[in-house]
Amino acid sequence: MPTLTLRTSRREEFLDLTPRVAALVAEAGGAGLCHVFVPHTTAGITINENADPSVVRDLLAALRRLVPADGDYTHAEGNSDAHLKASLMGFSASVPYQDGRLTLGTWQAIYFCEFDGPRSREVRVQLISAR
Amino acid sequence: MPTLTLRTSRREEFLDLTPRVAALVAEAGGAGLCHVFVPHTTAGITINENADPSVVRDLLAALRRLVPADGDYTHAEGNSDAHLKASLMGFSASVPYQDGRLTLGTWQAIYFCEFDGPRSREVRVQLISAR
Amino acid sequence: MPTLTLRTSRREEFLDLTPRVAALVAEAGGAGLCHVFVPHTTAGITINENADPSVVRDLLAALRRLVPADGDYTHAEGNSDAHLKASLMGFSASVPYQDGRLTLGTWQAIYFCEFDGPRSREVRVQLISAR
């Protein structure tokens, strides 16, 4: 199963994985379901707008308001907010593909969601072909 | 891959897609995983109660309290709240099926979640058959 | 399709399903996508840290702050908060497997998320083998 490696550069950051995932789908060809999985607990994955970078900034700022970093937490590592933000976004995104192309909407990108960086991270991409 | 088209009639609204998805599954028959995908960035998809419509009203009201429409956003289109609500609900729902029937729980329905309507929208339904 | 039954013992609780799901994957062997589905509307499923139990306590506490149990809801059963918490976590988790083993990250566990217990609950586990 192909694994993408990435390096985040801030505590919180969304990285667009679409070109790398699309390249794997193009290489495999055919039709099926592309499942992108994050094997971490303080980073997640979501889909959102690829055009205006202010959308991603607003998403991160709104998540910070929802889940403050300095809330009343018991976990000693000081990243409880990151664990919840990751669960809110989720740990996988599944996108159908056809003829070796992801069927994303025009404005959609697949974002890796870092909530406790900077770190080295991994993402697993599994293609389940349709019959 | 079958595509459902729908027309929402309010800014925020949950539309029950279950009958249309179930019809596609019945037509295909057999067993597998039904993957329902929303190719938008200001609408999502979730599963929730089909019996009492007050549940869906409460979900929408609680999401509005969590993510105010008039927050301190930088995205100029004025729909940043819709982008976050969509990411919180997610862009796909996956439901197993057997003998041509979705294995939803008794009280479950699959809801299209409009957060920036009214609009014309699409939903893609992909069936991955099990072996 | 294998169905796990479980009994929750509190109103809100995360139960680690990983050993039971891993056993089903080991029995089947091979590679594919393991789809774990919750057929309820006041319980969900997520992935998060398996090492320090304070992470799960913090997740539950932070969700309670986000979605108060005694908010201004119209649904008469008094569990509207549970419906929204379930939609925020989601109703399925999908994890790739290889050689009969889930490819979870080192710190990841699959958690059943009870938000309106104690109750008897079910979880469906579907394995879609890869070709």
# chains A, B, ... in the order shown; residues from 1 in each chain; ligands from 1
>>> calpha_fit_and_write(fixed="chain A", moving="chain B", output="mmCIF file with N, CA and C atoms, in the first residue's frame")
data_model
loop_
_atom_site.group_PDB
_atom_site.id
_atom_site.type_symbol
_atom_site.label_atom_id
_atom_site.label_comp_id
_atom_site.auth_asym_id
_atom_site.auth_seq_id
_atom_site.Cartn_x
_atom_site.Cartn_y
_atom_site.Cartn_z
ATOM 1 N N MET B 1 0.787 -1.192 -0.008
ATOM 2 C CA MET B 1 -0.033 0.015 0.012
ATOM 3 C C MET B 1 0.874 1.247 0.014
ATOM 4 N N PRO B 2 0.673 2.159 -0.938
ATOM 5 C CA PRO B 2 1.545 3.336 -1.000
ATOM 6 C C PRO B 2 1.419 4.204 0.251
ATOM 7 N N THR B 3 2.549 4.675 0.734
ATOM 8 C CA THR B 3 2.577 5.577 1.883
ATOM 9 C C THR B 3 3.239 6.878 1.458
ATOM 10 N N LEU B 4 2.546 7.983 1.707
ATOM 11 C CA LEU B 4 3.128 9.300 1.452
ATOM 12 C C LEU B 4 3.769 9.789 2.745
ATOM 13 N N THR B 5 4.948 10.364 2.648
ATOM 14 C CA THR B 5 5.543 10.976 3.828
ATOM 15 C C THR B 5 5.498 12.486 3.644
ATOM 16 N N LEU B 6 5.295 13.185 4.753
ATOM 17 C CA LEU B 6 5.262 14.636 4.658
ATOM 18 C C LEU B 6 5.874 15.230 5.919
ATOM 19 N N ARG B 7 6.234 16.495 5.802
ATOM 20 C CA ARG B 7 6.847 17.210 6.913
ATOM 21 C C ARG B 7 6.042 18.477 7.112
ATOM 22 N N THR B 8 5.423 18.617 8.299
ATOM 23 C CA THR B 8 4.680 19.845 8.548
ATOM 24 C C THR B 8 5.627 20.874 9.165
ATOM 25 N N SER B 9 5.275 22.155 9.053
ATOM 26 C CA SER B 9 6.216 23.193 9.473
ATOM 27 C C SER B 9 5.660 24.128 10.548
ATOM 28 N N ARG B 10 4.412 23.879 10.967
ATOM 29 C CA ARG B 10 3.821 24.722 12.019
ATOM 30 C C ARG B 10 3.035 23.834 12.971
ATOM 31 N N ARG B 11 2.589 24.383 14.101
ATOM 32 C CA ARG B 11 1.746 23.581 14.999
ATOM 33 C C ARG B 11 0.475 23.150 14.286
ATOM 34 N N GLU B 12 -0.172 24.112 13.611
ATOM 35 C CA GLU B 12 -1.428 23.801 12.922
ATOM 36 C C GLU B 12 -1.329 24.232 11.476
ATOM 37 N N GLU B 13 -1.734 23.340 10.590
ATOM 38 C CA GLU B 13 -1.530 23.620 9.170
ATOM 39 C C GLU B 13 -2.310 22.598 8.355
ATOM 40 N N PHE B 14 -2.890 23.043 7.230
ATOM 41 C CA PHE B 14 -3.539 22.129 6.286
ATOM 42 C C PHE B 14 -2.634 22.013 5.062
ATOM 43 N N LEU B 15 -2.279 20.797 4.686
ATOM 44 C CA LEU B 15 -1.445 20.588 3.494
ATOM 45 C C LEU B 15 -2.267 19.886 2.420
ATOM 46 N N ASP B 16 -2.242 20.416 1.222
ATOM 47 C CA ASP B 16 -3.018 19.865 0.107
ATOM 48 C C ASP B 16 -2.319 18.606 -0.431
ATOM 49 N N LEU B 17 -2.985 17.448 -0.242
ATOM 50 C CA LEU B 17 -2.416 16.177 -0.706
ATOM 51 C C LEU B 17 -2.907 15.795 -2.101
ATOM 52 N N THR B 18 -3.796 16.588 -2.682
ATOM 53 C CA THR B 18 -4.478 16.164 -3.907
ATOM 54 C C THR B 18 -3.531 15.738 -5.029
ATOM 55 N N PRO B 19 -2.491 16.540 -5.350
ATOM 56 C CA PRO B 19 -1.648 16.129 -6.484
ATOM 57 C C PRO B 19 -0.978 14.781 -6.260
ATOM 58 N N ARG B 20 -0.527 14.508 -5.037
ATOM 59 C CA ARG B 20 0.160 13.235 -4.786
ATOM 60 C C ARG B 20 -0.824 12.061 -4.814
ATOM 61 N N VAL B 21 -2.016 12.258 -4.276
ATOM 62 C CA VAL B 21 -3.017 11.184 -4.316
ATOM 63 C C VAL B 21 -3.464 10.949 -5.762
ATOM 64 N N ALA B 22 -3.692 12.025 -6.496
ATOM 65 C CA ALA B 22 -4.138 11.897 -7.892
ATOM 66 C C ALA B 22 -3.090 11.161 -8.730
ATOM 67 N N ALA B 23 -1.819 11.374 -8.428
ATOM 68 C CA ALA B 23 -0.766 10.689 -9.189
ATOM 69 C C ALA B 23 -0.819 9.178 -8.957
ATOM 70 N N LEU B 24 -1.095 8.765 -7.722
ATOM 71 C CA LEU B 24 -1.213 7.327 -7.430
ATOM 72 C C LEU B 24 -2.421 6.720 -8.150
ATOM 73 N N VAL B 25 -3.509 7.468 -8.185
ATOM 74 C CA VAL B 25 -4.719 6.992 -8.857
ATOM 75 C C VAL B 25 -4.481 6.899 -10.370
ATOM 76 N N ALA B 26 -3.789 7.877 -10.933
ATOM 77 C CA ALA B 26 -3.508 7.861 -12.376
ATOM 78 C C ALA B 26 -2.625 6.672 -12.737
ATOM 79 N N GLU B 27 -1.662 6.383 -11.877
ATOM 80 C CA GLU B 27 -0.757 5.253 -12.111
ATOM 81 C C GLU B 27 -1.527 3.925 -12.103
ATOM 82 N N ALA B 28 -2.485 3.809 -11.177
ATOM 83 C CA ALA B 28 -3.266 2.565 -11.077
ATOM 84 C C ALA B 28 -4.307 2.461 -12.188
ATOM 85 N N GLY B 29 -4.913 3.582 -12.549
ATOM 86 C CA GLY B 29 -5.951 3.590 -13.580
ATOM 87 C C GLY B 29 -7.231 2.911 -13.115
ATOM 88 N N GLY B 30 -8.204 2.843 -14.025
ATOM 89 C CA GLY B 30 -9.455 2.148 -13.728
ATOM 90 C C GLY B 30 -10.344 2.921 -12.782
ATOM 91 N N ALA B 31 -11.306 2.196 -12.181
ATOM 92 C CA ALA B 31 -12.320 2.806 -11.319
ATOM 93 C C ALA B 31 -12.312 2.140 -9.957
ATOM 94 N N GLY B 32 -12.702 2.894 -8.944
ATOM 95 C CA GLY B 32 -12.762 2.319 -7.612
ATOM 96 C C GLY B 32 -12.903 3.392 -6.561
ATOM 97 N N LEU B 33 -12.535 3.016 -5.332
ATOM 98 C CA LEU B 33 -12.624 3.923 -4.199
ATOM 99 C C LEU B 33 -11.209 4.162 -3.668
ATOM 100 N N CYS B 34 -10.836 5.437 -3.608
ATOM 101 C CA CYS B 34 -9.520 5.816 -3.077
ATOM 102 C C CYS B 34 -9.682 6.178 -1.610
ATOM 103 N N HIS B 35 -9.007 5.421 -0.743
ATOM 104 C CA HIS B 35 -9.137 5.610 0.696
ATOM 105 C C HIS B 35 -7.812 6.151 1.238
ATOM 106 N N VAL B 36 -7.860 7.369 1.790
ATOM 107 C CA VAL B 36 -6.660 8.044 2.278
ATOM 108 C C VAL B 36 -6.729 8.030 3.797
ATOM 109 N N PHE B 37 -5.754 7.408 4.440
ATOM 110 C CA PHE B 37 -5.829 7.129 5.880
ATOM 111 C C PHE B 37 -4.640 7.757 6.615
ATOM 112 N N VAL B 38 -4.940 8.423 7.738
ATOM 113 C CA VAL B 38 -3.913 9.072 8.563
ATOM 114 C C VAL B 38 -3.665 8.219 9.800
ATOM 115 N N PRO B 39 -2.464 7.655 9.968
ATOM 116 C CA PRO B 39 -2.193 6.751 11.107
ATOM 117 C C PRO B 39 -1.705 7.484 12.362
ATOM 118 N N HIS B 40 -2.236 8.670 12.624
ATOM 119 C CA HIS B 40 -1.814 9.474 13.770
ATOM 120 C C HIS B 40 -3.035 9.792 14.641
ATOM 121 N N THR B 41 -2.806 10.423 15.812
ATOM 122 C CA THR B 41 -3.941 10.773 16.662
ATOM 123 C C THR B 41 -4.040 12.276 16.921
ATOM 124 N N THR B 42 -3.086 13.045 16.426
ATOM 125 C CA THR B 42 -3.166 14.510 16.552
ATOM 126 C C THR B 42 -3.120 15.182 15.185
ATOM 127 N N ALA B 43 -3.446 14.426 14.165
ATOM 128 C CA ALA B 43 -3.591 14.961 12.801
ATOM 129 C C ALA B 43 -4.749 14.214 12.168
ATOM 130 N N GLY B 44 -5.481 14.890 11.301
ATOM 131 C CA GLY B 44 -6.615 14.261 10.635
ATOM 132 C C GLY B 44 -6.584 14.554 9.158
ATOM 133 N N ILE B 45 -7.732 14.362 8.515
ATOM 134 C CA ILE B 45 -7.806 14.622 7.083
ATOM 135 C C ILE B 45 -9.204 15.139 6.784
ATOM 136 N N THR B 46 -9.302 16.087 5.864
ATOM 137 C CA THR B 46 -10.608 16.546 5.421
ATOM 138 C C THR B 46 -10.525 16.969 3.971
ATOM 139 N N ILE B 47 -11.678 17.307 3.443
ATOM 140 C CA ILE B 47 -11.790 17.837 2.091
ATOM 141 C C ILE B 47 -12.300 19.252 2.253
ATOM 142 N N ASN B 48 -11.781 20.198 1.477
ATOM 143 C CA ASN B 48 -12.390 21.528 1.468
ATOM 144 C C ASN B 48 -11.865 22.323 0.291
ATOM 145 N N GLU B 49 -12.120 23.615 0.315
ATOM 146 C CA GLU B 49 -11.874 24.430 -0.886
ATOM 147 C C GLU B 49 -10.400 24.599 -1.213
ATOM 148 N N ASN B 50 -10.112 24.500 -2.507
ATOM 149 C CA ASN B 50 -8.734 24.581 -3.004
ATOM 150 C C ASN B 50 -8.397 25.934 -3.608
ATOM 151 N N ALA B 51 -9.384 26.815 -3.722
ATOM 152 C CA ALA B 51 -9.157 28.028 -4.522
ATOM 153 C C ALA B 51 -8.659 29.194 -3.663
ATOM 154 N N ASP B 52 -9.424 29.559 -2.657
ATOM 155 C CA ASP B 52 -9.088 30.731 -1.851
ATOM 156 C C ASP B 52 -8.436 30.261 -0.551
ATOM 157 N N PRO B 53 -7.147 30.550 -0.333
ATOM 158 C CA PRO B 53 -6.469 30.063 0.888
ATOM 159 C C PRO B 53 -7.073 30.616 2.173
ATOM 160 N N SER B 54 -7.898 31.670 2.079
ATOM 161 C CA SER B 54 -8.519 32.198 3.297
ATOM 162 C C SER B 54 -9.522 31.201 3.880
ATOM 163 N N VAL B 55 -10.058 30.298 3.064
ATOM 164 C CA VAL B 55 -10.978 29.294 3.604
ATOM 165 C C VAL B 55 -10.265 28.402 4.619
ATOM 166 N N VAL B 56 -9.086 27.931 4.254
ATOM 167 C CA VAL B 56 -8.338 27.063 5.157
ATOM 168 C C VAL B 56 -7.910 27.823 6.420
ATOM 169 N N ARG B 57 -7.505 29.080 6.264
ATOM 170 C CA ARG B 57 -7.171 29.886 7.454
ATOM 171 C C ARG B 57 -8.373 30.019 8.372
ATOM 172 N N ASP B 58 -9.553 30.264 7.784
ATOM 173 C CA ASP B 58 -10.771 30.398 8.594
ATOM 174 C C ASP B 58 -11.126 29.083 9.286
ATOM 175 N N LEU B 59 -10.937 27.967 8.584
ATOM 176 C CA LEU B 59 -11.211 26.662 9.195
ATOM 177 C C LEU B 59 -10.338 26.468 10.429
ATOM 178 N N LEU B 60 -9.050 26.739 10.304
ATOM 179 C CA LEU B 60 -8.142 26.558 11.436
ATOM 180 C C LEU B 60 -8.500 27.504 12.581
ATOM 181 N N ALA B 61 -8.812 28.759 12.254
ATOM 182 C CA ALA B 61 -9.155 29.730 13.301
ATOM 183 C C ALA B 61 -10.446 29.330 14.007
ATOM 184 N N ALA B 62 -11.437 28.879 13.250
ATOM 185 C CA ALA B 62 -12.714 28.497 13.865
ATOM 186 C C ALA B 62 -12.544 27.249 14.735
ATOM 187 N N LEU B 63 -11.713 26.301 14.290
ATOM 188 C CA LEU B 63 -11.445 25.120 15.120
ATOM 189 C C LEU B 63 -10.749 25.513 16.424
ATOM 190 N N ARG B 64 -9.844 26.509 16.351
ATOM 191 C CA ARG B 64 -9.163 26.964 17.578
ATOM 192 C C ARG B 64 -10.157 27.594 18.553
ATOM 193 N N ARG B 65 -11.150 28.323 18.023
ATOM 194 C CA ARG B 65 -12.174 28.887 18.917
ATOM 195 C C ARG B 65 -13.040 27.781 19.525
ATOM 196 N N LEU B 66 -13.365 26.768 18.724
ATOM 197 C CA LEU B 66 -14.199 25.665 19.225
ATOM 198 C C LEU B 66 -13.482 24.871 20.304
ATOM 199 N N VAL B 67 -12.209 24.607 20.086
ATOM 200 C CA VAL B 67 -11.436 23.717 20.955
ATOM 201 C C VAL B 67 -10.154 24.453 21.348
ATOM 202 N N PRO B 68 -10.227 25.258 22.419
ATOM 203 C CA PRO B 68 -9.061 26.057 22.808
ATOM 204 C C PRO B 68 -7.881 25.167 23.198
ATOM 205 N N ALA B 69 -6.677 25.605 22.840
ATOM 206 C CA ALA B 69 -5.474 24.834 23.159
ATOM 207 C C ALA B 69 -5.233 24.784 24.662
ATOM 208 N N ASP B 70 -5.692 25.822 25.381
ATOM 209 C CA ASP B 70 -5.394 25.887 26.814
ATOM 210 C C ASP B 70 -6.639 25.623 27.662
ATOM 211 N N GLY B 71 -7.477 24.724 27.213
ATOM 212 C CA GLY B 71 -8.665 24.367 27.982
ATOM 213 C C GLY B 71 -8.300 23.612 29.247
ATOM 214 N N ASP B 72 -9.318 23.154 29.943
ATOM 215 C CA ASP B 72 -9.137 22.499 31.232
ATOM 216 C C ASP B 72 -8.962 20.987 31.008
ATOM 217 N N TYR B 73 -7.781 20.594 30.547
ATOM 218 C CA TYR B 73 -7.536 19.213 30.150
ATOM 219 C C TYR B 73 -6.711 18.478 31.199
ATOM 220 N N THR B 74 -6.828 17.154 31.212
ATOM 221 C CA THR B 74 -6.050 16.381 32.174
ATOM 222 C C THR B 74 -4.827 15.715 31.530
ATOM 223 N N HIS B 75 -4.870 15.506 30.209
ATOM 224 C CA HIS B 75 -3.761 14.853 29.513
ATOM 225 C C HIS B 75 -2.508 15.719 29.615
ATOM 226 N N ALA B 76 -1.427 15.135 30.106
ATOM 227 C CA ALA B 76 -0.262 15.918 30.491
ATOM 228 C C ALA B 76 0.560 16.439 29.324
ATOM 229 N N GLU B 77 0.360 15.902 28.139
ATOM 230 C CA GLU B 77 1.224 16.330 27.033
ATOM 231 C C GLU B 77 0.857 17.696 26.453
ATOM 232 N N GLY B 78 -0.291 18.271 26.901
ATOM 233 C CA GLY B 78 -0.637 19.611 26.439
ATOM 234 C C GLY B 78 -1.124 19.671 25.011
ATOM 235 N N ASN B 79 -1.569 18.523 24.468
ATOM 236 C CA ASN B 79 -2.083 18.552 23.097
ATOM 237 C C ASN B 79 -3.475 17.924 22.995
ATOM 238 N N SER B 80 -4.242 18.024 24.085
ATOM 239 C CA SER B 80 -5.594 17.457 24.063
ATOM 240 C C SER B 80 -6.447 18.101 22.984
ATOM 241 N N ASP B 81 -6.254 19.409 22.769
ATOM 242 C CA ASP B 81 -7.023 20.073 21.711
ATOM 243 C C ASP B 81 -6.754 19.411 20.361
ATOM 244 N N ALA B 82 -5.506 19.025 20.128
ATOM 245 C CA ALA B 82 -5.147 18.411 18.845
ATOM 246 C C ALA B 82 -5.853 17.067 18.664
ATOM 247 N N HIS B 83 -5.969 16.291 19.744
ATOM 248 C CA HIS B 83 -6.666 15.004 19.653
ATOM 249 C C HIS B 83 -8.135 15.207 19.257
ATOM 250 N N LEU B 84 -8.800 16.207 19.857
ATOM 251 C CA LEU B 84 -10.213 16.411 19.534
ATOM 252 C C LEU B 84 -10.374 16.970 18.115
ATOM 253 N N LYS B 85 -9.527 17.931 17.752
ATOM 254 C CA LYS B 85 -9.634 18.484 16.388
ATOM 255 C C LYS B 85 -9.468 17.371 15.352
ATOM 256 N N ALA B 86 -8.546 16.451 15.605
ATOM 257 C CA ALA B 86 -8.338 15.343 14.658
ATOM 258 C C ALA B 86 -9.588 14.476 14.559
ATOM 259 N N SER B 87 -10.200 14.156 15.715
ATOM 260 C CA SER B 87 -11.427 13.346 15.672
ATOM 261 C C SER B 87 -12.566 14.094 14.980
ATOM 262 N N LEU B 88 -12.621 15.414 15.136
ATOM 263 C CA LEU B 88 -13.683 16.184 14.470
ATOM 264 C C LEU B 88 -13.523 16.155 12.948
ATOM 265 N N MET B 89 -12.290 16.223 12.472
ATOM 266 C CA MET B 89 -12.060 16.168 11.023
ATOM 267 C C MET B 89 -12.139 14.722 10.526
ATOM 268 N N GLY B 90 -11.691 13.780 11.344
ATOM 269 C CA GLY B 90 -11.685 12.373 10.948
ATOM 270 C C GLY B 90 -10.331 11.934 10.450
ATOM 271 N N PHE B 91 -10.141 10.607 10.361
ATOM 272 C CA PHE B 91 -8.833 10.052 10.034
ATOM 273 C C PHE B 91 -8.764 9.454 8.635
ATOM 274 N N SER B 92 -9.869 9.533 7.900
ATOM 275 C CA SER B 92 -9.769 9.082 6.515
ATOM 276 C C SER B 92 -10.711 9.866 5.625
ATOM 277 N N ALA B 93 -10.335 9.956 4.370
ATOM 278 C CA ALA B 93 -11.185 10.540 3.329
ATOM 279 C C ALA B 93 -11.282 9.501 2.226
ATOM 280 N N SER B 94 -12.486 9.283 1.724
ATOM 281 C CA SER B 94 -12.704 8.296 0.663
ATOM 282 C C SER B 94 -13.289 9.014 -0.541
ATOM 283 N N VAL B 95 -12.638 8.872 -1.668
ATOM 284 C CA VAL B 95 -13.062 9.577 -2.882
ATOM 285 C C VAL B 95 -13.161 8.569 -4.021
ATOM 286 N N PRO B 96 -14.294 8.503 -4.712
ATOM 287 C CA PRO B 96 -14.390 7.597 -5.864
ATOM 288 C C PRO B 96 -13.462 8.054 -6.995
ATOM 289 N N TYR B 97 -12.983 7.085 -7.789
ATOM 290 C CA TYR B 97 -12.234 7.465 -9.003
ATOM 291 C C TYR B 97 -12.747 6.656 -10.190
ATOM 292 N N GLN B 98 -12.575 7.239 -11.351
ATOM 293 C CA GLN B 98 -13.005 6.623 -12.616
ATOM 294 C C GLN B 98 -11.968 6.941 -13.672
ATOM 295 N N ASP B 99 -11.657 5.980 -14.531
ATOM 296 C CA ASP B 99 -10.679 6.207 -15.602
ATOM 297 C C ASP B 99 -9.385 6.801 -15.043
ATOM 298 N N GLY B 100 -8.989 6.334 -13.865
ATOM 299 C CA GLY B 100 -7.736 6.811 -13.284
ATOM 300 C C GLY B 100 -7.757 8.239 -12.781
ATOM 301 N N ARG B 101 -8.960 8.789 -12.562
ATOM 302 C CA ARG B 101 -9.061 10.170 -12.058
ATOM 303 C C ARG B 101 -10.007 10.251 -10.879
ATOM 304 N N LEU B 102 -9.572 10.956 -9.829
ATOM 305 C CA LEU B 102 -10.431 11.228 -8.678
ATOM 306 C C LEU B 102 -11.641 12.024 -9.148
ATOM 307 N N THR B 103 -12.833 11.672 -8.634
ATOM 308 C CA THR B 103 -14.031 12.426 -9.017
ATOM 309 C C THR B 103 -14.317 13.528 -7.994
ATOM 310 N N LEU B 104 -13.278 14.261 -7.619
ATOM 311 C CA LEU B 104 -13.474 15.400 -6.712
ATOM 312 C C LEU B 104 -14.291 16.482 -7.410
ATOM 313 N N GLY B 105 -15.042 17.259 -6.627
ATOM 314 C CA GLY B 105 -15.715 18.422 -7.181
ATOM 315 C C GLY B 105 -14.696 19.484 -7.584
ATOM 316 N N THR B 106 -15.161 20.424 -8.391
ATOM 317 C CA THR B 106 -14.287 21.470 -8.947
ATOM 318 C C THR B 106 -13.462 22.186 -7.883
ATOM 319 N N TRP B 107 -14.089 22.467 -6.741
ATOM 320 C CA TRP B 107 -13.426 23.280 -5.718
ATOM 321 C C TRP B 107 -12.823 22.451 -4.599
ATOM 322 N N GLN B 108 -12.866 21.124 -4.730
ATOM 323 C CA GLN B 108 -12.411 20.274 -3.615
ATOM 324 C C GLN B 108 -10.926 19.929 -3.685
ATOM 325 N N ALA B 109 -10.283 19.972 -2.540
ATOM 326 C CA ALA B 109 -8.937 19.419 -2.372
ATOM 327 C C ALA B 109 -8.961 18.516 -1.133
ATOM 328 N N ILE B 110 -8.045 17.548 -1.091
ATOM 329 C CA ILE B 110 -7.887 16.666 0.069
ATOM 330 C C ILE B 110 -6.785 17.262 0.944
ATOM 331 N N TYR B 111 -7.138 17.620 2.182
ATOM 332 C CA TYR B 111 -6.168 18.281 3.060
ATOM 333 C C TYR B 111 -5.725 17.380 4.210
ATOM 334 N N PHE B 112 -4.431 17.239 4.383
ATOM 335 C CA PHE B 112 -3.869 16.704 5.622
ATOM 336 C C PHE B 112 -3.971 17.813 6.663
ATOM 337 N N CYS B 113 -4.500 17.489 7.855
ATOM 338 C CA CYS B 113 -4.757 18.490 8.889
ATOM 339 C C CYS B 113 -3.800 18.272 10.060
ATOM 340 N N GLU B 114 -2.755 19.048 10.120
ATOM 341 C CA GLU B 114 -1.807 18.978 11.238
ATOM 342 C C GLU B 114 -2.329 19.819 12.391
ATOM 343 N N PHE B 115 -2.386 19.208 13.595
ATOM 344 C CA PHE B 115 -2.837 19.962 14.768
ATOM 345 C C PHE B 115 -1.805 19.951 15.893
ATOM 346 N N ASP B 116 -0.680 19.266 15.701
ATOM 347 C CA ASP B 116 0.340 19.224 16.755
ATOM 348 C C ASP B 116 1.735 19.108 16.136
ATOM 349 N N GLY B 117 1.997 19.958 15.168
ATOM 350 C CA GLY B 117 3.280 19.946 14.485
ATOM 351 C C GLY B 117 4.221 20.948 15.100
ATOM 352 N N PRO B 118 5.371 21.183 14.468
ATOM 353 C CA PRO B 118 5.794 20.509 13.231
ATOM 354 C C PRO B 118 6.305 19.096 13.506
ATOM 355 N N ARG B 119 6.013 18.196 12.556
ATOM 356 C CA ARG B 119 6.401 16.790 12.690
ATOM 357 C C ARG B 119 6.589 16.161 11.319
ATOM 358 N N SER B 120 7.208 14.993 11.321
ATOM 359 C CA SER B 120 7.169 14.113 10.157
ATOM 360 C C SER B 120 5.917 13.258 10.272
ATOM 361 N N ARG B 121 5.187 13.132 9.182
ATOM 362 C CA ARG B 121 3.907 12.430 9.209
ATOM 363 C C ARG B 121 3.816 11.467 8.030
ATOM 364 N N GLU B 122 2.850 10.544 8.126
ATOM 365 C CA GLU B 122 2.599 9.599 7.037
ATOM 366 C C GLU B 122 1.113 9.591 6.684
ATOM 367 N N VAL B 123 0.839 9.238 5.460
ATOM 368 C CA VAL B 123 -0.533 9.059 4.993
ATOM 369 C C VAL B 123 -0.547 7.816 4.115
ATOM 370 N N ARG B 124 -1.507 6.913 4.362
ATOM 371 C CA ARG B 124 -1.604 5.691 3.555
ATOM 372 C C ARG B 124 -2.720 5.827 2.530
ATOM 373 N N VAL B 125 -2.437 5.405 1.331
ATOM 374 C CA VAL B 125 -3.400 5.525 0.238
ATOM 375 C C VAL B 125 -3.722 4.124 -0.275
ATOM 376 N N GLN B 126 -4.999 3.734 -0.102
ATOM 377 C CA GLN B 126 -5.396 2.407 -0.548
ATOM 378 C C GLN B 126 -6.449 2.548 -1.648
ATOM 379 N N LEU B 127 -6.231 1.837 -2.745
ATOM 380 C CA LEU B 127 -7.176 1.877 -3.851
ATOM 381 C C LEU B 127 -7.929 0.554 -3.903
ATOM 382 N N ILE B 128 -9.253 0.637 -3.762
ATOM 383 C CA ILE B 128 -10.105 -0.551 -3.842
ATOM 384 C C ILE B 128 -10.792 -0.482 -5.211
ATOM 385 N N SER B 129 -10.405 -1.368 -6.124
ATOM 386 C CA SER B 129 -10.970 -1.261 -7.478
ATOM 387 C C SER B 129 -12.396 -1.784 -7.506
ATOM 388 N N ALA B 130 -13.217 -1.134 -8.315
ATOM 389 C CA ALA B 130 -14.619 -1.538 -8.471
ATOM 390 C C ALA B 130 -14.688 -2.606 -9.554
ATOM 391 N N ARG B 131 -15.703 -3.433 -9.474
ATOM 392 C CA ARG B 131 -15.867 -4.458 -10.515
ATOM 393 C C ARG B 131 -17.060 -4.113 -11.376
#
